[in-house]
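Data file: start_38.cif. Format and content: mmCIF, C-alpha atoms.
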```cif
data_work
#
loop_
_atom_site.label_atom_id
_atom_site.label_comp_id
_atom_site.auth_asym_id
_atom_site.auth_seq_id
_atom_site.Cartn_x
_atom_site.Cartn_y
_atom_site.Cartn_z
CA MET A 1 -33.80 38.12 16.28
CA ALA A 2 -35.24 34.71 17.18
CA ALA A 3 -34.87 35.38 20.89
CA ASN A 4 -36.85 38.60 20.56
CA HIS A 5 -39.71 36.77 18.89
CA ALA A 6 -39.67 34.00 21.48
CA LYS A 7 -39.84 36.58 24.25
CA ARG A 8 -42.70 38.49 22.60
CA PHE A 9 -44.77 35.38 22.01
CA GLY A 10 -43.70 33.32 25.04
CA TRP A 11 -42.76 30.50 22.67
CA GLY A 12 -39.80 28.30 23.44
CA LYS A 13 -39.83 29.13 27.16
CA GLY A 14 -42.18 26.51 28.57
CA ASP A 15 -45.90 27.11 28.76
CA ILE A 16 -47.24 29.76 26.41
CA ASP A 17 -48.96 32.62 28.17
CA ILE A 18 -51.36 34.27 25.73
CA LYS A 19 -53.72 36.86 27.14
CA MET A 20 -57.36 35.97 26.74
CA LEU A 21 -58.93 38.13 24.09
CA PRO A 22 -62.18 39.98 24.90
CA GLU A 23 -65.19 37.74 24.52
CA LYS A 24 -68.17 39.91 25.30
CA GLY A 25 -69.19 43.24 23.91
CA SER A 26 -65.96 43.79 22.03
CA GLU A 27 -66.34 42.29 18.58
CA PRO A 28 -69.13 42.45 15.98
CA PHE A 29 -69.96 38.81 15.33
CA ALA A 30 -71.26 38.12 11.86
CA ASP A 31 -74.34 36.18 12.86
CA LEU A 32 -77.28 37.45 14.90
CA ARG A 33 -78.51 34.18 16.31
CA GLY A 34 -81.49 34.67 18.57
CA ALA A 35 -81.70 33.35 22.10
CA GLY A 36 -85.27 34.52 22.57
CA THR A 37 -84.35 38.14 21.85
CA PRO A 38 -83.93 39.54 18.31
CA GLY A 39 -80.26 40.15 17.57
CA ARG A 40 -79.07 38.36 20.69
CA LYS A 41 -76.49 35.60 20.30
CA SER A 42 -76.60 32.34 22.23
CA HIS A 43 -73.76 31.89 24.71
CA GLU A 44 -72.49 28.99 22.62
CA ILE A 45 -72.38 31.05 19.41
CA ALA A 46 -70.63 33.89 21.22
CA ALA A 47 -68.05 31.46 22.60
CA VAL A 48 -67.14 29.81 19.28
CA ASN A 49 -67.00 33.18 17.55
CA ALA A 50 -64.69 34.48 20.28
CA TYR A 51 -62.37 31.54 19.59
CA GLN A 52 -62.49 32.27 15.86
CA LYS A 53 -61.68 35.90 16.53
CA GLU A 54 -58.74 34.88 18.71
CA LEU A 55 -57.35 32.64 15.97
CA GLU A 56 -57.63 35.52 13.48
CA GLN A 57 -55.88 37.96 15.82
CA ILE A 58 -53.09 35.50 16.61
CA TYR A 59 -52.48 34.94 12.91
CA ASP A 60 -52.59 38.63 11.99
CA GLY A 61 -50.28 39.53 14.87
CA TRP A 62 -47.88 36.76 13.92
CA ALA A 63 -47.72 37.94 10.30
CA ASP A 64 -47.06 41.52 11.41
CA GLU A 65 -44.25 40.41 13.73
CA TRP A 66 -42.40 38.04 11.41
CA ALA A 67 -42.87 39.36 7.87
CA ASP A 68 -40.17 42.02 8.05
CA ASP A 69 -37.55 39.69 9.53
CA ILE A 70 -38.21 37.04 6.88
CA ALA A 71 -38.11 39.61 4.09
CA GLN A 72 -34.77 41.01 5.26
CA ALA A 73 -33.11 37.71 6.15
CA PRO A 74 -30.07 36.69 4.07
CA GLU A 75 -30.96 33.98 1.60
CA GLU A 76 -28.91 31.37 3.43
CA GLU A 77 -30.85 32.03 6.67
CA ARG A 78 -34.30 32.42 5.14
CA ASP A 79 -35.51 28.81 5.20
CA GLY A 80 -34.49 28.37 8.83
CA LEU A 81 -36.27 31.55 9.83
CA ILE A 82 -39.43 30.55 7.97
CA GLU A 83 -39.42 27.22 9.80
CA GLU A 84 -38.89 28.95 13.14
CA ALA A 85 -41.68 31.41 12.40
CA THR A 86 -44.21 28.73 11.48
CA LEU A 87 -43.32 26.67 14.55
CA ALA A 88 -43.96 29.75 16.68
CA LEU A 89 -47.34 30.27 15.01
CA VAL A 90 -48.35 26.64 15.48
CA ALA A 91 -47.40 26.83 19.16
CA LEU A 92 -49.62 29.87 19.64
CA LEU A 93 -52.59 28.31 17.85
CA VAL A 94 -52.18 25.01 19.71
CA ALA A 95 -52.17 26.87 23.03
CA ALA A 96 -55.38 28.65 22.09
CA GLY A 97 -57.01 25.34 21.18
CA ARG A 98 -55.93 23.68 24.42
CA ARG A 99 -57.55 26.49 26.35
CA ARG A 100 -60.70 26.92 24.28
CA ILE A 101 -61.74 23.44 23.14
CA PRO A 102 -62.28 22.09 26.69
CA GLN A 103 -64.70 25.01 27.18
CA ALA A 104 -66.71 23.60 24.27
CA VAL A 105 -67.07 20.30 26.10
CA ASP A 106 -68.23 22.15 29.24
CA LEU A 107 -70.90 23.93 27.22
CA GLY A 108 -71.95 20.69 25.58
CA LEU A 109 -72.28 18.90 28.91
CA ASP A 110 -74.71 21.57 30.10
CA GLY A 111 -73.94 20.91 33.75
CA LYS A 112 -73.76 17.13 33.43
CA PRO A 113 -70.64 15.27 34.69
CA LEU A 114 -67.91 14.44 32.21
CA SER A 115 -68.60 10.98 30.79
CA PRO A 116 -65.98 8.62 29.35
CA GLY A 117 -67.45 9.23 25.89
CA ALA A 118 -67.19 13.01 26.23
CA ALA A 119 -63.65 12.73 27.61
CA ALA A 120 -62.65 10.62 24.63
CA ARG A 121 -64.17 13.15 22.22
CA LEU A 122 -62.23 15.94 23.91
CA ALA A 123 -58.94 14.06 23.66
CA ALA A 124 -59.60 13.25 20.00
CA ALA A 125 -60.55 16.85 19.21
CA LEU A 126 -57.38 18.23 20.78
CA GLU A 127 -55.21 15.70 18.97
CA SER A 128 -56.93 16.37 15.63
CA ASN A 129 -56.59 20.13 16.05
CA GLU A 130 -52.89 19.90 16.83
CA THR A 131 -52.23 17.50 13.96
CA LEU A 132 -53.98 19.80 11.49
CA LEU A 133 -52.10 22.84 12.73
CA ARG A 134 -48.70 21.16 12.73
CA ASP A 135 -48.80 18.83 9.74
CA SER A 136 -51.20 20.65 7.45
CA LEU A 137 -51.29 24.39 8.14
CA GLY A 138 -47.67 24.67 9.30
CA ALA A 139 -46.32 22.66 6.39
CA ASP A 140 -48.43 24.51 3.81
CA LEU A 141 -47.50 27.91 5.21
CA GLN A 142 -43.80 27.08 5.11
CA ARG A 143 -44.11 25.95 1.51
CA LYS A 144 -46.10 29.02 0.51
CA LEU A 145 -43.63 31.45 2.08
CA ARG A 146 -40.63 29.72 0.52
CA ASN A 147 -42.26 29.64 -2.90
CA ALA A 148 -43.15 33.31 -2.62
CA PHE A 149 -39.53 34.29 -3.11
CA SER A 150 -39.71 32.87 -6.64
CA ASP A 151 -42.73 35.01 -7.50
CA PRO A 152 -41.84 38.02 -9.72
CA ASP A 153 -44.25 40.31 -7.88
CA VAL A 154 -42.75 39.43 -4.50
CA GLN A 155 -39.24 39.84 -5.93
CA ALA A 156 -40.18 43.30 -7.19
CA ALA A 157 -41.62 44.20 -3.79
CA LEU A 158 -38.43 43.04 -2.06
CA ALA A 159 -36.34 45.16 -4.42
CA ALA A 160 -38.54 48.15 -3.68
CA GLY A 161 -38.25 47.70 0.09
CA ALA A 162 -41.83 46.48 0.44
CA GLY A 163 -41.06 42.81 1.00
CA ALA A 164 -42.80 42.65 4.38
CA VAL A 165 -46.05 43.92 2.89
CA ALA A 166 -45.80 41.38 0.08
CA LEU A 167 -45.23 38.51 2.52
CA GLN A 168 -48.13 39.66 4.67
CA GLY A 169 -50.25 39.44 1.53
CA VAL A 170 -49.02 35.91 0.92
CA ALA A 171 -49.85 34.93 4.49
CA ALA A 172 -53.28 36.52 4.20
CA THR A 173 -54.27 33.90 1.63
CA LEU A 174 -54.40 31.37 4.49
CA ALA A 175 -56.21 33.60 6.99
CA GLY A 176 -59.62 32.11 6.24
CA ARG A 177 -58.26 28.63 6.76
CA VAL A 178 -56.88 29.59 10.17
CA ALA A 179 -60.26 31.01 11.19
CA SER A 180 -62.01 27.84 10.05
CA TYR A 181 -60.21 25.80 12.72
CA ALA A 182 -62.74 27.20 15.17
CA GLY A 183 -65.07 24.67 13.58
CA GLY A 184 -63.39 21.98 15.69
CA TYR A 185 -64.72 23.75 18.78
CA TRP A 186 -68.23 23.75 17.36
CA ALA A 187 -68.06 20.12 16.30
CA VAL A 188 -66.99 18.83 19.71
CA LEU A 189 -69.58 21.00 21.49
CA ASN A 190 -72.39 19.47 19.46
CA GLN A 191 -71.01 15.94 19.64
CA THR A 192 -70.74 16.27 23.42
CA ARG A 193 -74.34 17.40 23.53
CA GLY A 194 -75.23 14.30 21.56
CA GLU A 195 -73.41 12.12 24.07
CA VAL A 196 -75.45 13.70 26.87
CA ALA A 197 -78.67 13.10 24.96
CA LYS A 198 -77.70 9.47 24.39
CA GLU A 199 -76.79 8.80 28.01
CA SER A 200 -79.90 10.61 29.30
CA GLY A 201 -82.28 9.07 26.79
CA ILE A 202 -83.66 12.40 25.60
CA GLN A 203 -84.64 13.78 22.21
CA ILE A 204 -82.36 16.15 20.35
CA PHE A 205 -83.21 19.00 17.99
CA TRP A 206 -80.97 20.19 15.12
CA ARG A 207 -81.51 23.94 15.07
CA TRP A 208 -80.61 25.87 11.95
CA ASP A 209 -78.40 28.92 12.22
CA ASP A 210 -81.00 31.61 11.50
CA SER A 211 -78.52 33.85 9.68
CA ALA A 212 -76.89 31.25 7.44
CA GLN A 213 -77.29 30.20 3.84
CA HIS A 214 -77.36 26.48 4.54
CA CYS A 215 -75.53 23.69 2.79
CA THR A 216 -77.46 20.72 1.42
CA ASP A 217 -76.58 18.55 4.43
CA CYS A 218 -77.86 21.04 6.99
CA LEU A 219 -81.02 21.66 4.96
CA HIS A 220 -81.68 17.93 4.89
CA LEU A 221 -80.86 17.15 8.51
CA GLY A 222 -81.70 20.41 10.27
CA ASN A 223 -84.84 21.92 11.73
CA ARG A 224 -85.86 18.45 12.93
CA THR A 225 -86.29 16.69 16.26
CA TYR A 226 -84.71 13.25 16.58
CA ASP A 227 -86.00 10.72 19.09
CA SER A 228 -82.44 9.88 20.10
CA TRP A 229 -78.79 10.43 19.30
CA ASP A 230 -78.76 7.06 17.56
CA ASP A 231 -81.63 8.20 15.32
CA LEU A 232 -79.64 11.26 14.29
CA MET A 233 -76.57 9.14 13.63
CA ALA A 234 -78.62 6.81 11.43
CA ALA A 235 -80.36 9.63 9.54
CA GLY A 236 -77.21 11.63 8.92
CA GLY A 237 -74.62 8.93 8.50
CA GLY A 238 -72.70 10.28 11.49
CA ARG A 239 -72.91 13.91 10.41
CA THR A 240 -73.49 16.62 13.02
CA PRO A 241 -73.08 20.42 12.93
CA ALA A 242 -69.53 21.27 11.76
CA ASN A 243 -68.72 17.56 11.47
CA GLY A 244 -69.03 15.92 8.07
CA VAL A 245 -71.45 18.50 6.67
CA GLN A 246 -70.61 20.37 3.47
CA CYS A 247 -70.26 23.72 5.23
CA ASP A 248 -67.66 22.10 7.53
CA GLY A 249 -66.04 24.51 10.01
CA ASN A 250 -68.27 27.39 8.91
CA CYS A 251 -71.37 25.64 10.27
CA ARG A 252 -73.17 27.29 13.17
CA CYS A 253 -76.20 25.01 13.33
CA GLU A 254 -76.67 23.73 16.87
CA LEU A 255 -77.93 20.62 18.61
CA GLU A 256 -80.30 21.29 21.48
CA PHE A 257 -82.03 19.09 24.02
CA ALA A 258 -85.66 18.71 23.01
CA SER A 259 -87.00 17.10 26.16
#
```
Same coordinates, now as structure tokens:
Amino acid sequence: MAANHAKRFGWGKGDIDIKMLPEKGSEPFADLRGAGTPGRKSHEIAAVNAYQKELEQIYDGWADEWADDIAQAPEEERDGLIEEATLALVALLVAAGRRRIPQAVDLGLDGKPLSPGAAARLAAALESNETLLRDSLGADLQRKLRNAFSDPDVQAALAAGAGAVALQGVAATLAGRVASYAGGYWAVLNQTRGEVAKESGIQIFWRWDDSAQHCTDCLHLGNRTYDSWDDLMAAGGGRTPANGVQCDGNCRCELEFAS
């Protein structure tokens, strides 16, 4: 059972080989950010939304693959299988982050060479993403799945032969959280852009996401040009799009070079 899952996912056999999911023309992104043309998305928005879509598809595919095995496992094997399943999921999500998050830095650099500051931000972003996935999401998902077997509704579903469906429903309660980890991509992209502005001595503009209902932080800090990165840091107390703002990983405001 476990070997079959490892083979399907490529987990436990060295580097994980996950096929890149379609990024262009294949998914209806929620926002219609303009890039000079009505309804056209910026390349940056399309990239972070592609990462979010990949996270969602990984999670949905994982739940489909593992739910039946967990539901049918003997009670004495169940906890071990839940742990194995969550480790497999974390490995898949970590691999996606390691591939995608460096792309965010490339977009933020906008053709400029990688600076020590940007390299440090990239390393910190990768470490933070992996810590959240392993110690927060993985631990919470294990706990939620184990606790589900004490729920009367799940017990009834198991007795009726619909345990896999019930467990998929339990897993679905964390789907939005998984998708929100794409916010780390957006945060490091904008912070990298700030580093470039600081090193180049140029102004920076906080552009609102045209399709969003903004949080208080973005309303206060956005739609403004700052003379420097340091000015933005002072005005916002270190907050940047998707970093420290109330809308957190859902933010799609963007920092742009103003001069």
(Q) Neighbouring residues of Leu89 in chain A were defined as those with any atom within 10 Å, considering all atoms listed in the file; residues of the same chain fewer than 3 positions away were excluded. Please report them as number ranges by chain. (A) A: 9, 11, 58-59, 61-63, 66, 83-86, 92-95, 133-134, 137-138
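In this structure, CA of Leu122 in chain A sits 15.1 Å away from CA of Ala242 in chain A.
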Q. A:Cys251, A:Ala171, A:Ala162, A:Ala148: which is nearest Arg78 in chain A, counting all atoms listed in the file?
A. A:Ala148
Q: Rank nothing, just name the residue among A:His220, A:Ile82, A:Asp140, A:Ala47 nearest to Arg177 in chain A, using only C-alpha atoms.
A: A:Asp140
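Interatomic distance, CA of Thr216 in chain A against CA of Val178 in chain A: 24.1 Å.
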Q: Would you mind listing what lies within 10 Å of Val165 in chain A as an NGL selection string, with all atoms listed in the file counted and same-chain residues fewer than 2 positions away left out?
A: :A and (63-64 or 67-68 or 71 or 154 or 157-158 or 161-163 or 167-171)
Q. When the PyMOL selection byres ((chain A and resi 192) around 8) is applied to the file above, which residues end up in the set, as a count of residues only?
A. 13
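For the atom pair formed by CA of Lys144 in chain A and CA of Gly176 in chain A, the distance is 15.0 Å, given to one decimal.
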Q. Written as a ChimeraX atom specification, what is the full residue list that the PyMOL selection byres ((chain A and resi 126) around 9) yields on the file shown?
A. /A:94,97-98,101-102,121-125,127-131,184
Could you save those same residues with C-alpha atoms as a compact mmCIF listing (two decimals), in the frame of the given file?
```
# COMPACT_ATOMS: atom_id res chain seq x y z
CA VAL A 94 -52.18 25.01 19.71
CA GLY A 97 -57.01 25.34 21.18
CA ARG A 98 -55.93 23.68 24.42
CA ILE A 101 -61.74 23.44 23.14
CA PRO A 102 -62.28 22.09 26.69
CA ARG A 121 -64.17 13.15 22.22
CA LEU A 122 -62.23 15.94 23.91
CA ALA A 123 -58.94 14.06 23.66
CA ALA A 124 -59.60 13.25 20.00
CA ALA A 125 -60.55 16.85 19.21
CA GLU A 127 -55.21 15.70 18.97
CA SER A 128 -56.93 16.37 15.63
CA ASN A 129 -56.59 20.13 16.05
CA GLU A 130 -52.89 19.90 16.83
CA THR A 131 -52.23 17.50 13.96
CA GLY A 184 -63.39 21.98 15.69
```
Q.
If we count all atoms listed in the file and set the cut-off at 12 Å, which residues sit around Val245 in chain A, ignoring sequence neighbours fewer than 4 positions away in its own chain? Please answer as a list in words.
A.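 Returned residues: Gly183, Ala187, His214, Cys215, Thr216, Asp217, Cys218, Leu219, His220, Leu221, Gly222, Gly236, Gly237, Gly238, Arg239, Thr240, Pro241, Gly249, Asn250, Cys251, Arg252 and Cys253 of chain A.
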Q) Which one is closest to Ile204 in chain A: A:Thr173, A:Asp153, A:Phe257, A:Arg224? Count only C-alpha atoms. A)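 That would be A:Phe257, the residue with the smallest distance to Ile204 in chain A.
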Around all listed atoms of range 187-198 of chain A, padded 6 Å per side, what centre and edge lengths does the axis-aligned box have in Å to one decimal, as lines of an AutoDock Vina configuration file?
```
center_x = -72.8
center_y = 15.2
center_z = 21.6
size_x = 23.7
size_y = 23.5
size_z = 22.6
```
